[in-house]
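Enquirer: Below you'll find my_file_19.cif; it's mmCIF, C-alpha atoms.
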data_target
loop_
_atom_site.label_atom_id
_atom_site.label_comp_id
_atom_site.auth_asym_id
_atom_site.auth_seq_id
_atom_site.Cartn_x
_atom_site.Cartn_y
_atom_site.Cartn_z
CA MET A 1 48.49 0.82 -0.71
CA THR A 2 46.24 1.57 -3.70
CA LYS A 3 47.58 0.24 -6.97
CA PHE A 4 48.12 2.36 -10.08
CA ASN A 5 48.16 -0.04 -13.01
CA THR A 6 49.51 1.10 -16.37
CA VAL A 7 48.71 -0.86 -19.54
CA LEU A 8 51.65 -0.92 -21.95
CA PHE A 9 52.02 -2.33 -25.48
CA ASP A 10 54.61 -2.07 -28.24
CA GLY A 11 54.46 1.37 -29.81
CA PHE A 12 52.95 3.17 -26.82
CA GLU A 13 53.74 6.90 -26.64
CA THR A 14 56.37 7.37 -23.92
CA LEU A 15 55.02 10.44 -22.13
CA ASP A 16 51.38 9.22 -22.28
CA ALA A 17 52.34 6.61 -19.70
CA PHE A 18 55.20 8.16 -17.76
CA GLY A 19 53.76 11.66 -17.28
CA PRO A 20 50.79 10.34 -15.22
CA ILE A 21 53.06 7.86 -13.38
CA GLU A 22 55.35 10.75 -12.40
CA VAL A 23 52.37 12.70 -11.01
CA MET A 24 50.97 9.72 -9.07
CA GLY A 25 54.37 9.24 -7.48
CA HIS A 26 53.89 12.50 -5.59
CA VAL A 27 50.47 11.91 -4.03
CA PRO A 28 50.28 11.84 -0.21
CA GLY A 29 49.89 8.29 1.08
CA GLY A 30 51.29 6.96 -2.13
CA TYR A 31 50.27 4.54 -4.85
CA GLU A 32 52.01 1.34 -5.81
CA MET A 33 52.88 1.69 -9.46
CA ASN A 34 53.21 -1.23 -11.85
CA CYS A 35 53.25 -1.65 -15.63
CA PHE A 36 51.40 -4.47 -17.36
CA SER A 37 51.04 -5.96 -20.82
CA LEU A 38 48.92 -8.82 -22.13
CA GLN A 39 51.66 -11.45 -21.75
CA GLY A 40 54.17 -9.52 -19.62
CA GLY A 41 57.84 -9.09 -20.52
CA THR A 42 59.63 -6.24 -22.26
CA VAL A 43 57.54 -3.71 -24.15
CA GLU A 44 59.03 -1.01 -26.37
CA SER A 45 57.63 2.51 -26.70
CA LYS A 46 57.53 4.44 -29.98
CA GLN A 47 60.58 6.34 -28.66
CA ASN A 48 62.48 3.10 -28.01
CA VAL A 49 62.08 3.02 -24.21
CA ARG A 50 62.09 -0.67 -23.27
CA THR A 51 60.04 -1.27 -20.14
CA HIS A 52 59.60 -4.41 -18.06
CA THR A 53 55.94 -5.40 -17.56
CA LEU A 54 53.93 -7.94 -15.60
CA PRO A 55 51.21 -9.98 -17.36
CA PHE A 56 47.59 -8.75 -17.21
CA ALA A 57 46.76 -11.90 -15.21
CA GLU A 58 48.80 -10.57 -12.27
CA MET A 59 46.99 -7.22 -12.05
CA ASP A 60 45.15 -6.29 -8.85
CA THR A 61 41.97 -5.10 -10.56
CA ALA A 62 40.97 -2.95 -7.57
CA GLY A 63 43.58 -0.39 -8.68
CA VAL A 64 43.35 2.68 -10.89
CA LEU A 65 43.84 1.80 -14.57
CA LEU A 66 45.89 3.97 -16.98
CA ILE A 67 45.69 3.40 -20.74
CA PRO A 68 48.18 5.39 -22.85
CA GLY A 69 47.90 5.89 -26.60
CA GLY A 70 50.36 5.86 -29.45
CA ILE A 71 50.98 4.33 -32.84
CA GLY A 72 50.70 0.88 -31.25
CA VAL A 73 46.96 1.38 -30.68
CA ARG A 74 46.03 0.63 -34.28
CA PRO A 75 46.94 -3.09 -34.47
CA LEU A 76 45.43 -3.69 -31.01
CA LEU A 77 41.99 -2.56 -32.16
CA LYS A 78 41.84 -5.81 -34.19
CA ASP A 79 43.39 -7.98 -31.47
CA ASP A 80 40.38 -9.74 -29.92
CA GLU A 81 42.28 -11.29 -27.02
CA PHE A 82 43.80 -7.97 -25.99
CA MET A 83 40.49 -6.11 -26.37
CA ASP A 84 38.54 -8.70 -24.36
CA GLN A 85 41.09 -8.53 -21.55
CA LEU A 86 41.18 -4.73 -21.62
CA ARG A 87 37.39 -4.53 -21.41
CA MET A 88 37.40 -6.80 -18.37
CA LEU A 89 40.14 -4.79 -16.65
CA ALA A 90 38.43 -1.45 -17.39
CA GLU A 91 35.05 -2.75 -16.16
CA LYS A 92 36.57 -3.83 -12.85
CA ALA A 93 38.73 -0.77 -12.23
CA PRO A 94 37.26 1.89 -9.91
CA HIS A 95 38.82 4.62 -12.08
CA VAL A 96 40.06 4.48 -15.66
CA LEU A 97 42.37 7.14 -17.10
CA THR A 98 43.27 7.32 -20.80
CA VAL A 99 45.75 9.58 -22.58
CA CYS A 100 45.74 10.51 -26.27
CA THR A 101 44.50 7.62 -28.43
CA GLY A 102 44.24 5.42 -25.35
CA SER A 103 40.62 6.64 -25.41
CA VAL A 104 40.19 4.91 -28.78
CA LEU A 105 41.11 1.58 -27.17
CA LEU A 106 38.64 2.26 -24.39
CA ALA A 107 35.94 3.32 -26.88
CA GLN A 108 36.47 0.08 -28.80
CA THR A 109 35.50 -1.89 -25.68
CA GLY A 110 32.08 -0.18 -25.75
CA LEU A 111 32.48 1.12 -22.19
CA LEU A 112 32.42 4.76 -23.34
CA ASN A 113 29.11 4.37 -25.18
CA GLY A 114 26.78 7.20 -24.19
CA ARG A 115 29.60 8.96 -22.35
CA ARG A 116 31.61 12.12 -23.03
CA ALA A 117 35.28 11.63 -23.94
CA THR A 118 38.16 13.27 -25.77
CA SER A 119 41.36 12.23 -27.55
CA ASN A 120 44.44 13.42 -29.44
CA LYS A 121 43.69 16.54 -31.49
CA MET A 122 45.82 15.82 -34.57
CA ALA A 123 44.22 12.38 -34.92
CA PHE A 124 40.78 13.49 -33.74
CA ALA A 125 38.88 12.59 -36.90
CA TRP A 126 40.39 9.10 -36.90
CA ALA A 127 39.94 8.71 -33.15
CA SER A 128 36.31 9.78 -33.12
CA SER A 129 35.49 7.47 -36.04
CA HIS A 130 35.84 4.70 -33.47
CA GLY A 131 33.12 4.41 -30.85
CA THR A 132 30.38 6.15 -32.84
CA GLU A 133 28.11 5.98 -29.78
CA VAL A 134 30.63 8.01 -27.76
CA ASP A 135 29.96 11.73 -27.28
CA TRP A 136 33.37 12.89 -28.53
CA ILE A 137 34.32 16.35 -27.24
CA LYS A 138 36.75 18.10 -29.56
CA GLN A 139 37.61 21.10 -27.41
CA ALA A 140 38.81 19.84 -24.02
CA ARG A 141 42.15 19.37 -22.28
CA TRP A 142 40.53 16.42 -20.60
CA VAL A 143 37.01 15.08 -19.95
CA GLN A 144 35.68 13.28 -16.88
CA ASP A 145 32.47 11.26 -17.10
CA GLY A 146 31.76 8.96 -14.17
CA LYS A 147 34.78 6.82 -13.45
CA TYR A 148 36.33 7.58 -16.84
CA TYR A 149 38.92 10.33 -17.41
CA THR A 150 40.09 10.85 -20.99
CA ALA A 151 42.86 13.31 -21.90
CA SER A 152 43.83 14.98 -25.16
CA GLY A 153 47.28 14.38 -26.64
CA VAL A 154 50.33 13.26 -24.69
CA SER A 155 51.11 16.16 -22.31
CA ALA A 156 47.42 16.65 -21.50
CA GLY A 157 47.72 13.41 -19.56
CA ILE A 158 49.78 15.23 -16.92
CA ASP A 159 47.08 17.90 -16.53
CA MET A 160 44.32 15.28 -16.37
CA THR A 161 46.17 13.23 -13.76
CA LEU A 162 46.59 16.33 -11.60
CA GLY A 163 42.83 16.84 -12.05
CA PHE A 164 42.23 13.26 -10.94
CA VAL A 165 44.44 13.84 -7.88
CA ARG A 166 42.43 16.99 -7.11
CA ASP A 167 39.14 15.06 -7.34
CA GLN A 168 40.43 12.21 -5.15
CA HIS A 169 42.75 13.97 -2.70
CA GLY A 170 41.87 17.68 -2.87
CA LEU A 171 43.23 20.75 -4.63
CA GLN A 172 46.07 21.19 -2.17
CA ALA A 173 47.42 17.71 -2.90
CA ALA A 174 47.28 18.36 -6.65
CA GLU A 175 49.00 21.73 -6.36
CA ALA A 176 51.66 20.22 -4.10
CA ALA A 177 52.36 17.44 -6.62
CA ALA A 178 52.60 19.98 -9.46
CA GLY A 179 54.96 22.10 -7.33
CA VAL A 180 57.32 19.24 -6.52
CA ILE A 181 57.68 18.34 -10.19
CA GLU A 182 57.86 22.07 -11.10
CA TYR A 183 54.99 21.66 -13.54
CA VAL A 184 52.89 24.60 -14.72
CA TRP A 185 49.51 22.89 -14.39
CA ASN A 186 46.85 23.72 -16.97
CA GLN A 187 44.03 23.36 -14.45
CA ASP A 188 41.07 24.16 -16.67
CA ALA A 189 39.85 20.94 -18.30
CA ASP A 190 37.81 22.97 -20.81
CA HIS A 191 40.68 25.18 -22.03
CA ASP A 192 42.26 23.48 -25.01
CA PRO A 193 44.75 25.55 -27.02
CA PHE A 194 45.38 22.63 -29.39
CA ALA A 195 41.79 22.09 -30.55
CA VAL A 196 42.01 24.86 -33.13
CA LEU A 197 45.36 23.86 -34.68
CA MET B 1 71.14 9.08 -37.40
CA THR B 2 72.33 11.12 -34.41
CA LYS B 3 72.19 9.28 -31.11
CA PHE B 4 70.36 10.55 -28.03
CA ASN B 5 71.90 8.72 -25.08
CA THR B 6 70.13 8.73 -21.71
CA VAL B 7 71.99 7.79 -18.54
CA LEU B 8 69.80 5.84 -16.11
CA PHE B 9 70.43 4.56 -12.57
CA ASP B 10 68.30 3.07 -9.79
CA GLY B 11 66.17 5.80 -8.25
CA PHE B 12 66.14 8.11 -11.27
CA GLU B 13 63.12 10.42 -11.47
CA THR B 14 60.82 9.06 -14.18
CA LEU B 15 59.84 12.26 -15.99
CA ASP B 16 63.40 13.70 -15.85
CA ALA B 17 64.38 11.07 -18.41
CA PHE B 18 61.20 10.37 -20.35
CA GLY B 19 60.02 13.97 -20.88
CA PRO B 20 63.13 14.88 -22.92
CA ILE B 21 63.04 11.51 -24.74
CA GLU B 22 59.42 12.20 -25.74
CA VAL B 23 60.40 15.61 -27.15
CA MET B 24 63.41 14.26 -29.07
CA GLY B 25 61.15 11.65 -30.65
CA HIS B 26 59.40 14.44 -32.57
CA VAL B 27 62.39 16.21 -34.13
CA PRO B 28 62.60 16.25 -37.94
CA GLY B 29 65.22 13.82 -39.23
CA GLY B 30 65.00 11.91 -35.98
CA TYR B 31 67.34 10.75 -33.26
CA GLU B 32 68.12 7.20 -32.28
CA MET B 33 67.21 6.93 -28.62
CA ASN B 34 68.86 4.51 -26.20
CA CYS B 35 69.09 4.20 -22.43
CA PHE B 36 72.33 3.27 -20.68
CA SER B 37 73.57 2.39 -17.21
CA LEU B 38 77.03 1.63 -15.89
CA GLN B 39 76.69 -2.15 -16.24
CA GLY B 40 73.52 -2.35 -18.38
CA GLY B 41 70.44 -4.41 -17.47
CA THR B 42 67.24 -3.40 -15.75
CA VAL B 43 67.16 -0.10 -13.88
CA GLU B 44 64.25 0.99 -11.67
CA SER B 45 63.03 4.58 -11.37
CA LYS B 46 61.83 6.13 -8.10
CA GLN B 47 58.29 5.56 -9.42
CA ASN B 48 58.95 1.86 -10.07
CA VAL B 49 59.33 2.03 -13.85
CA ARG B 50 61.72 -0.77 -14.76
CA THR B 51 63.70 0.10 -17.90
CA HIS B 52 66.07 -2.02 -19.96
CA THR B 53 69.50 -0.38 -20.45
CA LEU B 54 72.67 -1.01 -22.41
CA PRO B 55 76.06 -0.77 -20.65
CA PHE B 56 78.01 2.52 -20.83
CA ALA B 57 80.70 0.64 -22.79
CA GLU B 58 78.30 0.31 -25.75
CA MET B 59 77.46 4.02 -25.99
CA ASP B 60 78.28 5.92 -29.19
CA THR B 61 79.90 8.91 -27.50
CA ALA B 62 79.28 11.16 -30.51
CA GLY B 63 75.63 11.40 -29.41
CA VAL B 64 73.79 13.92 -27.24
CA LEU B 65 73.98 12.95 -23.55
CA LEU B 66 71.01 13.28 -21.14
CA ILE B 67 71.52 13.00 -17.37
CA PRO B 68 68.32 12.89 -15.27
CA GLY B 69 68.19 13.48 -11.51
CA GLY B 70 66.35 11.88 -8.66
CA ILE B 71 66.87 10.34 -5.26
CA GLY B 72 69.34 7.89 -6.83
CA VAL B 73 71.86 10.71 -7.41
CA ARG B 74 73.06 10.79 -3.80
CA PRO B 75 74.81 7.39 -3.58
CA LEU B 76 76.32 7.87 -7.06
CA LEU B 77 78.20 10.99 -5.94
CA LYS B 78 80.43 8.65 -3.89
CA ASP B 79 80.68 5.95 -6.59
CA ASP B 80 84.11 6.58 -8.13
CA GLU B 81 83.68 4.14 -11.01
CA PHE B 82 80.35 5.67 -12.05
CA MET B 83 81.65 9.23 -11.71
CA ASP B 84 84.83 8.53 -13.71
CA GLN B 85 82.79 6.97 -16.51
CA LEU B 86 80.22 9.79 -16.45
CA ARG B 87 82.97 12.40 -16.69
CA MET B 88 84.46 10.65 -19.71
CA LEU B 89 81.07 10.38 -21.43
CA ALA B 90 80.20 14.03 -20.71
CA GLU B 91 83.61 15.24 -21.94
CA LYS B 92 83.18 13.40 -25.24
CA ALA B 93 79.53 14.30 -25.88
CA PRO B 94 78.92 17.25 -28.23
CA HIS B 95 75.96 18.33 -26.07
CA VAL B 96 75.09 17.44 -22.48
CA LEU B 97 71.60 17.96 -21.05
CA THR B 98 70.79 17.55 -17.35
CA VAL B 99 67.43 17.66 -15.57
CA CYS B 100 66.83 18.40 -11.89
CA THR B 101 69.66 17.03 -9.70
CA GLY B 102 71.29 15.53 -12.79
CA SER B 103 73.25 18.81 -12.74
CA VAL B 104 74.69 17.79 -9.35
CA LEU B 105 76.16 14.66 -10.95
CA LEU B 106 77.61 16.76 -13.75
CA ALA B 107 78.95 19.34 -11.25
CA GLN B 108 80.66 16.55 -9.33
CA THR B 109 82.69 15.67 -12.44
CA GLY B 110 84.17 19.19 -12.39
CA LEU B 111 83.02 19.88 -15.96
CA LEU B 112 80.69 22.70 -14.84
CA ASN B 113 83.45 24.58 -13.00
CA GLY B 114 83.39 28.25 -14.03
CA ARG B 115 80.10 27.72 -15.87
CA ARG B 116 76.52 28.82 -15.22
CA ALA B 117 74.05 26.06 -14.29
CA THR B 118 70.78 25.43 -12.45
CA SER B 119 69.03 22.57 -10.65
CA ASN B 120 65.93 21.49 -8.73
CA LYS B 121 64.45 24.36 -6.73
CA MET B 122 63.31 22.44 -3.63
CA ALA B 123 66.77 20.89 -3.26
CA PHE B 124 68.66 23.96 -4.46
CA ALA B 125 70.69 24.54 -1.30
CA TRP B 126 71.81 20.91 -1.27
CA ALA B 127 72.40 20.88 -5.04
CA SER B 128 74.46 24.05 -5.08
CA SER B 129 76.59 22.85 -2.15
CA HIS B 130 78.14 20.50 -4.70
CA GLY B 131 80.40 22.03 -7.32
CA THR B 132 81.33 25.15 -5.37
CA GLU B 133 83.16 26.49 -8.43
CA VAL B 134 79.93 26.37 -10.46
CA ASP B 135 78.03 29.63 -10.97
CA TRP B 136 74.68 28.28 -9.73
CA ILE B 137 71.70 30.28 -11.02
CA LYS B 138 68.71 30.05 -8.70
CA GLN B 139 66.11 31.75 -10.86
CA ALA B 140 66.02 29.97 -14.23
CA ARG B 141 63.78 27.43 -15.95
CA TRP B 142 66.95 26.23 -17.62
CA VAL B 143 70.49 27.50 -18.28
CA GLN B 144 72.67 26.99 -21.34
CA ASP B 145 76.43 27.54 -21.13
CA GLY B 146 78.48 26.26 -24.03
CA LYS B 147 77.59 22.65 -24.75
CA TYR B 148 75.90 22.23 -21.34
CA TYR B 149 72.15 22.63 -20.78
CA THR B 150 70.91 22.30 -17.19
CA ALA B 151 67.19 22.37 -16.29
CA SER B 152 65.36 23.03 -13.04
CA GLY B 153 63.15 20.33 -11.54
CA VAL B 154 61.55 17.47 -13.47
CA SER B 155 59.07 19.15 -15.88
CA ALA B 156 61.57 21.92 -16.70
CA GLY B 157 63.45 19.24 -18.63
CA ILE B 158 60.70 19.27 -21.27
CA ASP B 159 61.01 23.04 -21.68
CA MET B 160 64.82 22.84 -21.83
CA THR B 161 64.76 20.08 -24.42
CA LEU B 162 62.43 22.13 -26.61
CA GLY B 163 64.95 24.99 -26.16
CA PHE B 164 67.73 22.64 -27.25
CA VAL B 165 65.68 21.63 -30.31
CA ARG B 166 65.15 25.32 -31.12
CA ASP B 167 68.91 26.00 -30.89
CA GLN B 168 69.81 22.99 -33.04
CA HIS B 169 66.89 22.78 -35.49
CA GLY B 170 65.15 26.18 -35.36
CA LEU B 171 62.11 27.63 -33.63
CA GLN B 172 59.66 26.09 -36.09
CA ALA B 173 60.92 22.58 -35.31
CA ALA B 174 60.61 23.19 -31.57
CA GLU B 175 57.10 24.62 -31.89
CA ALA B 176 56.06 21.73 -34.12
CA ALA B 177 57.34 19.19 -31.59
CA ALA B 178 55.50 20.98 -28.76
CA GLY B 179 52.33 21.03 -30.90
CA VAL B 180 52.41 17.31 -31.68
CA ILE B 181 52.70 16.43 -28.00
CA GLU B 182 50.12 19.14 -27.11
CA TYR B 183 52.57 20.73 -24.68
CA VAL B 184 52.24 24.34 -23.54
CA TRP B 185 55.92 25.26 -23.87
CA ASN B 186 57.40 27.62 -21.29
CA GLN B 187 59.79 29.16 -23.83
CA ASP B 188 61.51 31.72 -21.62
CA ALA B 189 64.53 30.09 -19.96
CA ASP B 190 64.75 32.97 -17.48
CA HIS B 191 61.13 32.79 -16.27
CA ASP B 192 61.02 30.48 -13.26
CA PRO B 193 57.78 30.46 -11.26
CA PHE B 194 59.19 27.85 -8.87
CA ALA B 195 62.28 29.79 -7.70
CA VAL B 196 60.29 31.79 -5.15
CA LEU B 197 58.45 28.86 -3.56
#
Is it possible to give me this structure as structure tokens?
Expert:
Amino acid sequence: MTKFNTVLFDGFETLDAFGPIEVMGHVPGGYEMNCFSLQGGTVESKQNVRTHTLPFAEMDTAGVLLIPGGIGVRPLLKDDEFMDQLRMLAEKAPHVLTVCTGSVLLAQTGLLNGRRATSNKMAFAWASSHGTEVDWIKQARWVQDGKYYTASGVSAGIDMTLGFVRDQHGLQAAEAAAGVIEYVWNQDADHDPFAVL
Amino acid sequence: MTKFNTVLFDGFETLDAFGPIEVMGHVPGGYEMNCFSLQGGTVESKQNVRTHTLPFAEMDTAGVLLIPGGIGVRPLLKDDEFMDQLRMLAEKAPHVLTVCTGSVLLAQTGLLNGRRATSNKMAFAWASSHGTEVDWIKQARWVQDGKYYTASGVSAGIDMTLGFVRDQHGLQAAEAAAGVIEYVWNQDADHDPFAVL
């Protein structure tokens, strides 16, 4: 079974991680979902959800990689060990999905250089000040460039993940997943009602 | 700070719990969020998210109570100790929110008797076969009756929680929370695109 590997860290934004995980739990054939952090152990989200994680060293790097954002991104940008490991994991992964300021972490690795990407809209100026060689797209619900999918803020991660499911498994599979979780899917990656706020 | 107490159990549906928690994390003044299970310890969602919980005995029962649904609901309906404790917690709570088949757990306590409520649309026949004295509403994104808020499947919990925020803190607070998490809020509790599927 294909792995779906979520990177967690203290101060991650709860829905950035668990929205995509919910979606991937309803894909035909299934994915094996696991959460990881640099050292493993309990990680606490900004909203105080305490989640058990495995260490990065135990990750099957052939799986899809999900990188959420959140207030906890800021200290990690200066954490060389974390950033080196993240770069290695993102290089190896066949697909990398980021939500919100998770794209800032990915940009910091250099892997988005020369590529199109988006991020949280309220923190867009801050986000896009990182990775100056990234082609930051302000108006987008999500952006796909090669193996990289980057979503706007928080809830946009659910829409992007359904888009990823569509690209990998077909429109019917994506619509079925949205139906089971009774989610009104914003299917158009280019329609971004939050870019103008 | 007001408490927001989430009941977890093995096999809970990930987004049922973490969508509402995400929303409540963006309410002015703030809520203290904690997750609980009957005995405490690590609880695993249907999608393999392993969450640390406190035991029911440590819950401040003056807080808002959230009850998610999921495949794990079925065995609990026959678990007398769990159901007795849940009934006590729901009786004491000033507000009780359920998502998806979380309303079936609440119906089983008897506390929804004579009240309007809704549930998951794909499992609606099964759900509404429990709590035969409940006025089950098939076409609703969510239903509020007194202190009880019940949402349809999974994602409807996010819409309901924003509705709860509106009722408690005003429309502006709810719209601000939706904006921060870049969520396209389905504001109309009576509009249910999934009832006809």
Enquirer: Set the distance at 12 Å and use all atoms listed in the file: which residues neighbour Gln172 of chain B once local chain neighbours fewer than 4 positions away are removed? I'd like the list as a short mmCIF file (atom, residue, chain, number, x, y, z; two decimals) with C-alpha atoms, in the coordinates of the input.
Expert:
data_model
loop_
_atom_site.label_atom_id
_atom_site.label_comp_id
_atom_site.auth_asym_id
_atom_site.auth_seq_id
_atom_site.Cartn_x
_atom_site.Cartn_y
_atom_site.Cartn_z
CA VAL B 27 62.39 16.21 -34.13
CA PRO B 28 62.60 16.25 -37.94
CA LEU B 162 62.43 22.13 -26.61
CA GLY B 163 64.95 24.99 -26.16
CA VAL B 165 65.68 21.63 -30.31
CA ARG B 166 65.15 25.32 -31.12
CA ASP B 167 68.91 26.00 -30.89
CA GLN B 168 69.81 22.99 -33.04
CA ALA B 176 56.06 21.73 -34.12
CA ALA B 177 57.34 19.19 -31.59
CA ALA B 178 55.50 20.98 -28.76
CA GLY B 179 52.33 21.03 -30.90
#
Enquirer: For chain B against chain A, which residues fall within 10 Å using all atoms listed in the file, given as a VMD selection string?
Expert: chain B and resid 13 to 26 31 to 35 42 to 53 100 120 to 122 141 152 to 158 178 to 186 192 to 195 197
Enquirer: Please provide as a ChimeraX atom specification all residues within 8 Å of Leu54 of chain A, with the sequence filter that same-chain residues fewer than 3 positions apart are discarded (counting only C-alpha atoms).
Expert: /A:34-37,39-41,58-59
Enquirer: Excluding same-chain residues fewer than 5 positions from Leu77 of chain A, what lies within 8 Å of it counting all atoms listed in the file, as a count of residues only?
Expert: 3
Enquirer: Could you jot down the atom CA of Gly69 of chain A to atom CA of Phe12 of chain A separation for me, Å, one decimal place?
Expert: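 So the answer is 5.7 Å.
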Enquirer: As an mmCIF file with C-alpha atoms, in the coordinates of the input, please: the residues near segment 79-82 of chain B (cut-off 12 Å, all atoms listed in the file, same-chain neighbours under 3 positions excluded).
Expert:
data_model
loop_
_atom_site.group_PDB
_atom_site.id
_atom_site.type_symbol
_atom_site.label_atom_id
_atom_site.label_comp_id
_atom_site.auth_asym_id
_atom_site.auth_seq_id
_atom_site.Cartn_x
_atom_site.Cartn_y
_atom_site.Cartn_z
ATOM 1 C CA VAL B 7 71.990 7.790 -18.540
ATOM 2 C CA LEU B 8 69.800 5.840 -16.110
ATOM 3 C CA PHE B 9 70.430 4.560 -12.570
ATOM 4 C CA SER B 37 73.570 2.390 -17.210
ATOM 5 C CA LEU B 38 77.030 1.630 -15.890
ATOM 6 C CA GLN B 39 76.690 -2.150 -16.240
ATOM 7 C CA PRO B 55 76.060 -0.770 -20.650
ATOM 8 C CA PHE B 56 78.010 2.520 -20.830
ATOM 9 C CA ALA B 57 80.700 0.640 -22.790
ATOM 10 C CA GLY B 72 69.340 7.890 -6.830
ATOM 11 C CA VAL B 73 71.860 10.710 -7.410
ATOM 12 C CA ARG B 74 73.060 10.790 -3.800
ATOM 13 C CA PRO B 75 74.810 7.390 -3.580
ATOM 14 C CA LEU B 76 76.320 7.870 -7.060
ATOM 15 C CA GLN B 85 82.790 6.970 -16.510
ATOM 16 C CA LEU B 86 80.220 9.790 -16.450
ATOM 17 C CA ARG B 87 82.970 12.400 -16.690
ATOM 18 C CA MET B 88 84.460 10.650 -19.710
ATOM 19 C CA LEU B 89 81.070 10.380 -21.430
ATOM 20 C CA LEU B 105 76.160 14.660 -10.950
ATOM 21 C CA LEU B 106 77.610 16.760 -13.750
ATOM 22 C CA GLN B 108 80.660 16.550 -9.330
ATOM 23 C CA THR B 109 82.690 15.670 -12.440
#
Enquirer: Tell me, in Å to one decimal, how far atom CA of His191 of chain B is from atom CA of Ala151 of chain A.
Expert: 27.3 Å
Enquirer: For a cutoff of 9 Å around the file-coordinate point (29.6, 0.6, -33.7), which residues qualify once you count all atoms listed in the file? I'd like the result as a list in words.
Expert: Gln108, Gly110, His130, Gly131, Thr132 and Glu133 of chain A
Enquirer: Given the choices B:Asn113, B:Gln187, B:Gln139, B:Thr150, which gets closest to His95 of chain B if the distance is worked out from only C-alpha atoms?
Expert: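 Looking at the shortest contact to His95 of chain B, the residue is B:Thr150.
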Enquirer: Give me the result of the PyMOL selection byres ((chain A and resi 67) around 8) on this file, residue by residue, as a PyMOL selection string.
Expert: chain A and resi 6-8+17+65-66+68-69+96-99+102-103
Enquirer: Looking at A:Ser128, A:Val104, A:His169, A:Thr118, which one is nearest to Asp145 of chain A, with distances taken over all atoms listed in the file?
Expert: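 The answer is A:Thr118, which sits nearest to Asp145 of chain A.
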Enquirer: Just to confirm, what's the straight-line distance from atom CA of Asp159 of chain A to atom CA of Asp188 of chain A in Å (one decimal)?
Expert: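 It comes out at 8.7 Å.
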Enquirer: Given the choices A:Ala174, A:Val64, A:Val143, A:Ala90, which gets closest to Arg116 of chain A if the distance is worked out from only C-alpha atoms?
Expert: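 Ranking A:Ala174, A:Val64, A:Val143, A:Ala90 by distance to Arg116 of chain A, first place goes to A:Val143.
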Enquirer: Assuming the input is short of atoms at segment 19-31 of chain A, produce N, CA and C atoms for that part as a PDB file, keeping the file's coordinate frame.
Expert:
ATOM      1  N   GLY A  19      54.184  10.396 -17.887  1.00  0.00           N
ATOM      2  CA  GLY A  19      53.760  11.660 -17.280  1.00  0.00           C
ATOM      3  C   GLY A  19      52.808  11.394 -16.109  1.00  0.00           C
ATOM      4  N   PRO A  20      51.697  10.678 -16.337  1.00  0.00           N
ATOM      5  CA  PRO A  20      50.790  10.340 -15.220  1.00  0.00           C
ATOM      6  C   PRO A  20      51.477   9.559 -14.093  1.00  0.00           C
ATOM      7  N   ILE A  21      52.361   8.623 -14.427  1.00  0.00           N
ATOM      8  CA  ILE A  21      53.060   7.860 -13.380  1.00  0.00           C
ATOM      9  C   ILE A  21      53.896   8.798 -12.511  1.00  0.00           C
ATOM     10  N   GLU A  22      54.566   9.768 -13.162  1.00  0.00           N
ATOM     11  CA  GLU A  22      55.350  10.750 -12.400  1.00  0.00           C
ATOM     12  C   GLU A  22      54.443  11.489 -11.401  1.00  0.00           C
ATOM     13  N   VAL A  23      53.296  11.967 -11.884  1.00  0.00           N
ATOM     14  CA  VAL A  23      52.370  12.700 -11.010  1.00  0.00           C
ATOM     15  C   VAL A  23      51.925  11.830  -9.841  1.00  0.00           C
ATOM     16  N   MET A  24      51.510  10.607 -10.125  1.00  0.00           N
ATOM     17  CA  MET A  24      50.970   9.720  -9.070  1.00  0.00           C
ATOM     18  C   MET A  24      52.032   9.350  -8.048  1.00  0.00           C
ATOM     19  N   GLY A  25      53.284   9.504  -8.414  1.00  0.00           N
ATOM     20  CA  GLY A  25      54.370   9.240  -7.480  1.00  0.00           C
ATOM     21  C   GLY A  25      54.540  10.318  -6.427  1.00  0.00           C
ATOM     22  N   HIS A  26      53.759  11.391  -6.543  1.00  0.00           N
ATOM     23  CA  HIS A  26      53.890  12.500  -5.590  1.00  0.00           C
ATOM     24  C   HIS A  26      52.580  12.795  -4.872  1.00  0.00           C
ATOM     25  N   VAL A  27      51.745  11.766  -4.733  1.00  0.00           N
ATOM     26  CA  VAL A  27      50.470  11.910  -4.030  1.00  0.00           C
ATOM     27  C   VAL A  27      50.652  11.450  -2.581  1.00  0.00           C
ATOM     28  N   PRO A  28      50.141  12.233  -1.619  1.00  0.00           N
ATOM     29  CA  PRO A  28      50.280  11.840  -0.210  1.00  0.00           C
ATOM     30  C   PRO A  28      49.679  10.454   0.035  1.00  0.00           C
ATOM     31  N   GLY A  29      50.362   9.647   0.813  1.00  0.00           N
ATOM     32  CA  GLY A  29      49.890   8.290   1.080  1.00  0.00           C
ATOM     33  C   GLY A  29      50.442   7.305   0.092  1.00  0.00           C
ATOM     34  N   GLY A  30      50.591   7.759  -1.139  1.00  0.00           N
ATOM     35  CA  GLY A  30      51.290   6.960  -2.130  1.00  0.00           C
ATOM     36  C   GLY A  30      50.435   5.937  -2.853  1.00  0.00           C
ATOM     37  N   TYR A  31      50.852   5.607  -4.029  1.00  0.00           N
ATOM     38  CA  TYR A  31      50.270   4.540  -4.850  1.00  0.00           C
ATOM     39  C   TYR A  31      51.386   3.572  -5.197  1.00  0.00           C
TER      40      TYR A  31
END
